[in-house]
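What's in query_26.txt: compact mmCIF, C-alpha atoms
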```txt
# COMPACT_ATOMS: atom_id res chain seq x y z
CA MET S 1 164.07 40.00 4.79
CA SER S 2 161.21 39.41 7.24
CA ARG S 3 163.29 36.91 9.15
CA LYS S 4 166.04 39.54 9.69
CA MET S 5 163.53 42.15 10.77
CA ASP S 6 162.02 39.72 13.29
CA SER S 7 165.50 39.00 14.61
CA ARG S 8 166.13 42.69 15.23
CA SER S 9 162.86 42.95 17.14
CA ASP S 10 163.90 40.18 19.45
CA GLU S 11 167.21 41.93 20.16
CA ASP S 12 165.73 45.39 20.51
CA ASP S 13 166.72 45.59 24.19
CA VAL S 14 170.33 44.59 23.61
CA ARG S 15 173.12 46.83 22.34
CA VAL S 16 176.14 45.14 20.71
CA ARG S 17 179.51 46.88 20.90
CA ALA S 18 182.56 45.66 19.04
CA SER S 19 185.85 45.45 20.88
CA ARG S 20 189.27 43.94 20.26
CA HIS S 21 188.06 40.95 22.26
CA GLY S 22 185.08 40.47 19.96
CA SER S 23 181.47 41.59 20.10
CA ARG S 24 179.51 41.20 23.30
CA PRO S 25 175.93 42.16 24.18
CA ARG S 26 175.42 45.03 26.61
CA THR S 27 172.03 45.70 28.15
CA ARG S 28 170.71 49.23 28.44
CA THR S 29 169.44 48.61 31.95
CA ARG S 30 171.84 49.76 34.66
CA PRO S 31 172.14 47.79 37.90
CA THR S 32 169.80 48.92 40.69
CA HIS S 33 172.23 48.04 43.49
CA GLU S 34 169.38 47.13 45.80
CA GLU S 35 171.91 45.56 48.16
CA ALA S 36 173.90 48.81 48.49
CA VAL S 37 174.71 49.96 52.01
CA PRO S 38 174.06 53.60 53.06
CA GLY S 39 176.94 55.62 54.46
CA LEU S 40 178.37 59.07 55.16
CA VAL S 41 181.58 60.34 53.55
CA ILE S 42 183.90 61.52 56.33
CA ALA S 43 187.14 62.04 54.39
CA VAL S 44 188.39 62.33 50.81
CA ASP S 45 192.04 61.85 49.90
CA ARG S 46 193.43 61.49 46.36
CA GLY S 47 190.51 59.61 44.90
CA ARG S 48 189.86 57.42 47.92
CA MET S 49 186.93 58.12 50.23
CA THR S 50 186.43 57.04 53.81
CA VAL S 51 182.76 56.24 54.31
CA ARG S 52 181.15 55.55 57.67
CA VAL S 53 178.55 52.79 57.61
CA GLU S 54 176.60 50.97 60.29
CA GLY S 55 178.39 47.80 61.22
CA PRO S 56 177.33 44.73 63.20
CA GLY S 57 175.43 45.63 66.34
CA GLY S 58 174.99 49.22 65.18
CA THR S 59 178.62 50.19 65.72
CA PRO S 60 180.06 52.56 63.07
CA VAL S 61 182.60 51.15 60.63
CA ASP S 62 184.88 53.25 58.42
CA VAL S 63 185.17 51.81 54.91
CA THR S 64 187.75 52.74 52.28
CA SER S 65 185.91 53.33 49.01
CA MET S 66 186.29 54.54 45.47
CA ARG S 67 183.81 56.15 43.12
CA ALA S 68 182.12 53.81 40.62
CA ARG S 69 182.70 54.57 36.93
CA GLU S 70 178.96 54.79 36.36
CA LEU S 71 178.88 58.02 38.40
CA GLY S 72 180.78 59.73 35.61
CA LYS S 73 182.29 63.05 36.64
CA HIS S 74 180.05 63.42 39.67
CA GLY S 75 182.48 64.24 42.47
CA VAL S 76 182.26 63.03 46.05
CA VAL S 77 182.88 65.37 48.99
CA VAL S 78 182.87 65.16 52.77
CA GLY S 79 179.29 65.15 54.05
CA ASP S 80 177.84 63.32 51.06
CA ARG S 81 175.25 60.63 51.79
CA VAL S 82 176.13 57.68 49.57
CA ARG S 83 175.44 54.00 49.00
CA LEU S 84 178.18 51.37 48.75
CA VAL S 85 178.60 47.93 47.24
CA GLY S 86 181.44 45.50 47.66
CA ASP S 87 183.46 44.84 50.80
CA THR S 88 182.00 47.09 53.52
CA SER S 89 183.64 45.25 56.40
CA GLY S 90 186.20 47.98 56.94
CA ARG S 91 189.02 45.42 57.10
CA THR S 92 192.54 46.52 56.14
CA ASP S 93 193.07 46.44 52.36
CA SER S 94 189.32 46.08 51.70
CA LEU S 95 187.72 48.34 49.11
CA ALA S 96 184.10 49.23 48.37
CA ARG S 97 182.51 51.20 45.53
CA ILE S 98 180.28 54.26 45.85
CA VAL S 99 177.43 53.67 43.41
CA THR S 100 174.97 56.42 44.32
CA ILE S 101 175.17 59.90 45.82
CA ALA S 102 172.02 61.31 47.42
CA ASP S 103 170.79 64.78 46.48
CA ARG S 104 172.56 67.40 48.56
CA VAL S 105 170.38 69.38 50.95
CA THR S 106 173.01 72.10 51.41
CA SER S 107 176.40 72.74 49.83
CA LEU S 108 179.31 74.99 50.69
CA ARG S 109 180.75 76.07 47.36
CA ARG S 110 183.63 78.25 46.25
CA THR S 111 185.60 79.12 43.15
CA ALA S 112 189.32 79.86 42.94
CA ASP S 113 188.48 83.51 42.24
CA ASP S 114 185.63 85.63 40.93
CA THR S 115 186.49 84.91 37.30
CA ASP S 116 186.81 81.14 37.61
CA PRO S 117 183.77 79.45 36.00
CA THR S 118 184.45 76.18 37.84
CA GLU S 119 182.77 75.96 41.22
CA ARG S 120 184.04 73.52 43.79
CA ILE S 121 181.85 71.97 46.45
CA VAL S 122 183.84 71.97 49.67
CA VAL S 123 181.34 70.20 51.93
CA ALA S 124 177.83 68.78 51.45
CA ASN S 125 174.81 68.59 53.77
CA ALA S 126 176.24 70.65 56.63
CA ASP S 127 173.74 72.45 58.87
CA GLN S 128 175.87 75.46 59.71
CA LEU S 129 179.00 77.23 58.57
CA VAL S 130 181.20 78.17 61.50
CA VAL S 131 183.39 81.05 60.36
CA VAL S 132 186.42 81.38 62.62
CA THR S 133 188.19 84.73 62.68
CA SER S 134 190.59 86.37 65.08
CA ILE S 135 189.86 89.80 66.48
CA ALA S 136 193.57 90.61 66.45
CA ASP S 137 196.89 89.00 65.42
CA PRO S 138 195.98 88.79 62.58
CA GLU S 139 193.38 91.51 62.12
CA PRO S 140 190.00 90.29 60.84
CA ALA S 141 189.73 90.10 57.06
CA LEU S 142 186.33 91.76 56.64
CA GLY S 143 186.03 91.03 52.94
CA PHE S 144 186.70 87.35 53.59
CA LEU S 145 184.07 87.28 56.35
CA ASP S 146 181.50 88.87 54.05
CA ARG S 147 182.23 86.29 51.38
CA CYS S 148 181.87 83.42 53.85
CA LEU S 149 178.47 84.73 54.88
CA VAL S 150 177.42 85.01 51.24
CA ALA S 151 178.53 81.41 50.60
CA ALA S 152 176.59 80.23 53.65
CA TYR S 153 173.37 81.98 52.66
CA ALA S 154 173.66 80.88 49.02
CA GLY S 155 174.34 77.28 50.03
CA GLY S 156 171.53 76.98 52.58
CA LEU S 157 173.75 76.88 55.69
CA SER S 158 173.20 78.90 58.85
CA PRO S 159 176.26 81.05 59.62
CA LEU S 160 177.92 81.22 63.03
CA LEU S 161 180.84 83.53 63.77
CA VAL S 162 183.49 82.42 66.25
CA LEU S 163 185.62 85.41 67.24
CA THR S 164 188.91 84.12 68.60
CA LYS S 165 191.59 85.96 70.61
CA SER S 166 188.98 88.12 72.32
CA ASP S 167 191.49 88.57 75.15
CA LEU S 168 193.57 90.74 72.79
CA ALA S 169 190.83 93.16 71.66
CA SER S 170 187.11 93.87 71.98
CA PRO S 171 184.78 91.86 69.71
CA GLN S 172 182.19 94.66 69.71
CA PRO S 173 183.17 96.28 66.37
CA LEU S 174 182.63 92.96 64.57
CA LEU S 175 179.41 92.30 66.48
CA ASP S 176 178.13 95.73 65.45
CA ARG S 177 179.10 95.16 61.82
CA TYR S 178 176.83 92.13 61.47
CA ALA S 179 174.07 93.14 63.88
CA GLY S 180 171.72 93.93 61.01
CA LEU S 181 172.00 90.40 59.68
CA GLU S 182 171.25 88.83 63.06
CA VAL S 183 174.27 86.56 62.67
CA ASP S 184 174.93 84.46 65.74
CA ALA S 185 178.42 85.04 67.19
CA VAL S 186 180.51 83.59 70.00
CA PRO S 187 183.58 85.50 71.25
CA MET S 188 186.34 83.14 72.38
CA SER S 189 189.74 83.34 74.03
CA ARG S 190 192.35 80.61 74.25
CA GLU S 191 191.50 79.73 77.84
CA ALA S 192 187.76 80.49 77.83
CA PRO S 193 185.32 77.63 78.51
CA LEU S 194 183.77 76.07 75.42
CA ASP S 195 180.28 75.61 76.84
CA GLU S 196 178.62 78.42 74.85
CA LEU S 197 180.06 77.19 71.56
CA VAL S 198 179.43 73.51 72.28
CA THR S 199 175.75 74.29 72.86
CA ARG S 200 175.50 75.73 69.34
CA LEU S 201 177.29 72.76 67.79
CA ARG S 202 175.40 69.99 69.55
CA ASP S 203 173.39 67.69 67.24
CA GLN S 204 174.46 69.70 64.19
CA MET S 205 176.77 68.95 61.28
CA SER S 206 179.02 71.99 61.37
CA VAL S 207 181.86 72.93 59.06
CA LEU S 208 184.71 75.14 60.25
CA VAL S 209 186.24 77.56 57.79
CA GLY S 210 188.75 80.31 58.34
CA GLN S 211 192.00 81.73 57.11
CA SER S 212 195.21 80.32 58.51
CA GLY S 213 196.49 81.81 61.74
CA VAL S 214 193.11 82.63 63.27
CA GLY S 215 193.17 79.70 65.70
CA LYS S 216 190.86 77.36 63.80
CA SER S 217 192.93 74.21 64.30
CA THR S 218 193.56 75.09 67.94
CA LEU S 219 189.82 75.40 68.44
CA PHE S 220 189.19 72.12 66.61
CA ASN S 221 191.64 70.32 68.89
CA ARG S 222 189.96 71.76 71.98
CA LEU S 223 186.53 70.69 70.79
CA ILE S 224 187.67 67.20 69.88
CA PRO S 225 190.57 66.11 72.10
CA GLY S 226 192.77 63.67 70.27
CA ALA S 227 192.04 65.13 66.82
CA PHE S 228 195.59 66.53 66.62
CA ARG S 229 194.96 68.83 63.67
CA ALA S 230 198.28 70.48 62.77
CA ILE S 231 198.87 73.90 64.32
CA GLY S 232 201.25 76.54 62.94
CA ASP S 233 202.44 79.88 64.24
CA VAL S 234 201.39 83.17 62.68
CA SER S 235 204.10 84.38 60.32
CA LYS S 236 205.96 87.64 60.85
CA ILE S 237 203.88 89.46 58.25
CA GLY S 238 200.66 88.60 60.08
CA LYS S 239 199.38 85.87 57.80
CA GLY S 240 199.04 82.32 59.04
CA ARG S 241 200.73 79.31 57.56
CA HIS S 242 198.59 76.60 56.02
CA THR S 243 198.59 73.75 58.52
CA SER S 244 195.63 71.51 57.60
CA SER S 245 195.71 69.88 54.16
CA SER S 246 192.40 68.03 53.86
CA ALA S 247 188.81 68.20 55.07
CA VAL S 248 187.84 65.68 57.72
CA LEU S 249 184.63 64.93 59.64
CA LEU S 250 184.83 63.85 63.28
CA ASP S 251 182.28 63.22 66.01
CA LEU S 252 181.81 65.83 68.72
CA PRO S 253 181.72 64.59 72.31
CA GLY S 254 178.11 64.96 73.42
CA GLY S 255 176.59 64.81 69.94
CA GLY S 256 177.02 66.36 66.53
CA THR S 257 179.80 66.28 63.96
CA LEU S 258 182.46 68.80 63.06
CA ILE S 259 184.20 69.18 59.69
CA ASP S 260 187.55 70.90 59.62
CA THR S 261 188.75 72.36 56.32
CA PRO S 262 192.19 73.47 55.11
CA GLY S 263 193.10 77.12 55.65
CA ILE S 264 191.56 79.10 52.79
CA ARG S 265 193.11 82.38 51.61
CA SER S 266 190.41 83.24 49.09
CA PHE S 267 186.70 82.56 48.66
CA GLY S 268 185.69 83.05 45.06
CA LEU S 269 182.00 83.66 44.40
CA ALA S 270 181.75 83.39 40.63
CA HIS S 271 178.79 81.02 41.05
CA VAL S 272 176.76 83.35 43.31
CA THR S 273 174.40 86.16 42.29
CA PRO S 274 172.82 88.92 44.40
CA GLN S 275 169.53 87.05 43.99
CA ASP S 276 171.06 84.02 45.72
CA VAL S 277 171.93 86.18 48.73
CA LEU S 278 168.54 87.87 48.74
CA ALA S 279 166.77 84.50 48.89
CA ALA S 280 168.25 83.92 52.35
CA PHE S 281 166.35 86.86 53.87
CA ASP S 282 162.59 86.39 53.86
CA ASP S 283 161.72 89.99 54.72
CA LEU S 284 164.02 91.52 52.10
CA ALA S 285 162.95 89.00 49.46
CA GLU S 286 159.28 89.81 50.11
CA ALA S 287 159.92 93.53 49.74
CA ALA S 288 162.01 92.98 46.59
CA VAL S 289 158.99 91.51 44.78
CA ASP S 290 158.14 95.09 43.81
CA CYS S 291 161.58 95.73 42.31
CA PRO S 292 161.76 96.30 38.54
CA PRO S 293 163.23 93.54 36.34
CA GLY S 294 167.03 93.47 36.42
CA CYS S 295 167.27 95.27 39.74
CA GLY S 296 170.60 94.60 41.45
CA HIS S 297 169.24 95.77 44.84
CA THR S 298 172.11 98.22 45.32
CA ALA S 299 171.94 101.87 46.35
CA GLU S 300 172.64 102.75 42.70
CA ASP S 301 169.38 101.16 41.53
CA PRO S 302 166.98 104.13 41.62
CA GLU S 303 163.76 102.09 41.66
CA CYS S 304 164.88 99.41 44.11
CA ALA S 305 161.89 98.62 46.34
CA LEU S 306 164.17 97.92 49.30
CA ASP S 307 164.79 101.65 49.85
CA PRO S 308 161.15 102.60 50.60
CA TRP S 309 160.82 99.39 52.62
CA ALA S 310 163.72 100.39 54.86
CA ALA S 311 162.72 104.07 55.01
CA GLY S 312 159.25 103.17 56.25
CA GLY S 313 160.51 100.69 58.81
CA THR S 314 162.55 100.72 61.99
CA PRO S 315 166.23 101.69 62.38
CA ALA S 316 166.91 97.96 62.51
CA ALA S 317 165.39 97.57 59.02
CA ARG S 318 167.67 100.29 57.64
CA GLU S 319 170.65 98.63 59.31
CA ARG S 320 169.63 95.29 57.85
CA LEU S 321 169.44 96.71 54.34
CA ALA S 322 172.85 98.33 54.73
CA SER S 323 174.33 95.03 55.91
CA PHE S 324 172.70 93.15 53.05
CA ARG S 325 174.06 95.60 50.50
CA ARG S 326 177.52 95.31 51.98
CA LEU S 327 177.31 91.57 51.42
CA ILE S 328 176.20 91.80 47.79
CA THR S 329 179.16 94.03 46.99
CA ALA S 330 181.12 90.81 47.41
CA VAL S 331 179.33 89.49 44.34
CA GLY S 332 179.44 92.77 42.44
CA HIS S 333 181.16 91.01 39.53
CA VAL S 334 177.72 89.73 38.52
CA THR S 335 175.63 91.81 36.16
CA PRO S 336 172.38 92.78 37.97
CA GLY S 337 169.49 90.58 36.99
CA HIS S 338 171.69 87.72 35.80
```
In structure tokens, how does this file's structure come out?
Amino acid sequence: MSRKMDSRSDEDDVRVRASRHGSRPRTRTRPTHEEAVPGLVIAVDRGRMTVRVEGPGGTPVDVTSMRARELGKHGVVVGDRVRLVGDTSGRTDSLARIVTIADRVTSLRRTADDTDPTERIVVANADQLVVVTSIADPEPALGFLDRCLVAAYAGGLSPLLVLTKSDLASPQPLLDRYAGLEVDAVPMSREAPLDELVTRLRDQMSVLVGQSGVGKSTLFNRLIPGAFRAIGDVSKIGKGRHTSSSAVLLDLPGGGTLIDTPGIRSFGLAHVTPQDVLAAFDDLAEAAVDCPPGCGHTAEDPECALDPWAAGGTPAARERLASFRRLITAVGHVTPGH
């Protein structure tokens, strides 16, 4: 008996699993992958990822990769910082494995709709969300714009509005709508110089999002000549046709990277609460400390501390509160305080 017990002690660090091929020892210690190479995911397509790594002489090399089984169900998205093992030469028919995914600093997330419990990360680690909308043809979808701003604030991205087709109508109504939020905006026309926009994109990882037909792919192609993102005409009913099918990250001339995303018709926010939006505004969050528990920060909450804060402030403060409350109506499906 003692001999068997001693034997178990010696094998305490080894787990034996039976299989049809016989029993084999399996250690509990997972590989450390100290030789893994760092890289940036620039495209994802049907389970295969393109990862940019530093090649010989510092030149970038694009490596076709797959996710290692040890990552479980942890998905990989464009913008992820990862580490690779295997063949990282980038040669045709070579394949590497993604073995680690770094913690995401920011994440652009969406759900299929407001009742879908499954959130999907669209892009990771972007610095700013560039929301492209047309001023006319088609008319701006205000609810969609509000939802994009909510997703940006909740995900830690800085929002930037690009107002296309400004030669067809004045951008002022949209600029006025978001003045209280101090959202940066750049009006654009098809032939206008890109200098003002390029300045805001330089040295940033930016992700473009917008409904089809607003000129997003046209803008992408102007910013990165040779990208050749598919362009489609606006349909007769005023809604654009989906023309881009996958997210892709490309380098901007002069510095920075730009991620184009497929045309999105809906932006579900089942994963976002009013508190998530509030956290993006330091002044409102500070005032809301005096709110009672469970406060939803809406005009219907009689003891919301944001009302006296705005009433005792400047007209800009009242405008800011109104803009904030318009945004949280986009997440009104959430019970206040949850």
List the neighbours of S:Thr133 out to 7 Å using all atoms listed in the file; skip same-chain residues closer than 5 positions along the sequence, and give me the result as a list in words.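 Near neighbours after the sequence-gap exclusion: Pro140, Val162, Leu163, Thr164, Gly210 and Val214 of chain S.
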For each of S:Asp113, S:Asp80, S:Glu54, S:Asp195, take the minimum atom-to-atom distance to S:Phe267, counting all atoms listed in the file, then give the residue where this is smallest. S:Asp113
Proximity to S:Ala151 - best of S:Val85, S:Ala96, S:Val130, S:Ala322, all atoms listed in the file: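 Result for the nearest residue to S:Ala151: S:Val130.
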Name the residues in contact with S:Ser65 at a cut-off of 10 Å, using all atoms listed in the file, excluding same-chain residues fewer than 3 positions from it; report them as a PyMOL selection string. chain S and resi 41+44+47-51+62+68+84-88+90+94-98
S:Ala112, S:Leu149, S:Leu40, S:Ala287 ranked by distance to S:Ala270, top pick (using all atoms listed in the file): S:Ala112
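You will find atom CA of S:Leu108 at 23.4 Å from atom CA of S:Leu175.
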Give me the residues within 10 Å of S:Gly268 as a ChimeraX atom specification, counting all atoms listed in the file and dropping any in the same chain fewer than 4 places off. /S:109-117,119-120,144,147-148,151,272,330-331
Output of the above residues as a PDB file, in the coordinates of the input, restricted to C-alpha atoms:
```
ATOM      1  CA  ARG S 109     180.750  76.070  47.360  1.00  0.00           C
ATOM      2  CA  ARG S 110     183.630  78.250  46.250  1.00  0.00           C
ATOM      3  CA  THR S 111     185.600  79.120  43.150  1.00  0.00           C
ATOM      4  CA  ALA S 112     189.320  79.860  42.940  1.00  0.00           C
ATOM      5  CA  ASP S 113     188.480  83.510  42.240  1.00  0.00           C
ATOM      6  CA  ASP S 114     185.630  85.630  40.930  1.00  0.00           C
ATOM      7  CA  THR S 115     186.490  84.910  37.300  1.00  0.00           C
ATOM      8  CA  ASP S 116     186.810  81.140  37.610  1.00  0.00           C
ATOM      9  CA  PRO S 117     183.770  79.450  36.000  1.00  0.00           C
ATOM     10  CA  GLU S 119     182.770  75.960  41.220  1.00  0.00           C
ATOM     11  CA  ARG S 120     184.040  73.520  43.790  1.00  0.00           C
ATOM     12  CA  PHE S 144     186.700  87.350  53.590  1.00  0.00           C
ATOM     13  CA  ARG S 147     182.230  86.290  51.380  1.00  0.00           C
ATOM     14  CA  CYS S 148     181.870  83.420  53.850  1.00  0.00           C
ATOM     15  CA  ALA S 151     178.530  81.410  50.600  1.00  0.00           C
ATOM     16  CA  VAL S 272     176.760  83.350  43.310  1.00  0.00           C
ATOM     17  CA  ALA S 330     181.120  90.810  47.410  1.00  0.00           C
ATOM     18  CA  VAL S 331     179.330  89.490  44.340  1.00  0.00           C
TER      19      VAL S 331
END
```
S:Val82, S:Val207, S:Gly58, S:Val53: which is nearest S:Thr106, counting only C-alpha atoms? S:Val207
Rank S:Leu145, S:Leu223, S:Ile135, S:Val123 by their smallest atom-to-atom distance to S:Pro187, using only C-alpha atoms, and report the top residue only. S:Ile135
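You can rank S:Ala305, S:Ile328, S:Val198, S:Leu278 by their closest distance to S:Gly255 using all atoms listed in the file, and at the top of that list sits S:Val198.
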Spatial sel., origin (172.2, 70.0, 48.2), limit 8 Å, all atoms listed in the file, listed as a list in words: Asp103, Arg104, Val105, Thr106, Ser107, Ala124, Asn125 and Gly155 of chain S
Would you pick out the contacts of S:Pro293 at 12 Å or less, using all atoms listed in the file, so that residues sharing its chain but fewer than 2 positions from it are not included, and give the list as a ChimeraX atom specification? /S:275,288-291,295-297,301,303-305,336-338
Do a neighbour search on S:His74 at 10 Å with only C-alpha atoms, toss out local chain neighbours closer than 5 positions, and write the hits as an NGL selection string. :S and (67-69 or 100-101)
Please produce a file of those selected residues containing C-alpha atoms, as an mmCIF file, keeping the file's coordinate frame.
```
data_model
loop_
_atom_site.group_PDB
_atom_site.id
_atom_site.type_symbol
_atom_site.label_atom_id
_atom_site.label_comp_id
_atom_site.auth_asym_id
_atom_site.auth_seq_id
_atom_site.Cartn_x
_atom_site.Cartn_y
_atom_site.Cartn_z
ATOM 1 C CA ARG S 67 183.810 56.150 43.120
ATOM 2 C CA ALA S 68 182.120 53.810 40.620
ATOM 3 C CA ARG S 69 182.700 54.570 36.930
ATOM 4 C CA THR S 100 174.970 56.420 44.320
ATOM 5 C CA ILE S 101 175.170 59.900 45.820
#
```
Emit as AutoDock Vina command-line options the padded axis-aligned box for all listed atoms of stretch 75-79 of chain S, 5 Å per side, with centre and edge lengths in Å to one decimal.
```
--center_x 181.1 --center_y 64.2 --center_z 48.3 --size_x 13.6 --size_y 12.3 --size_z 21.6
```
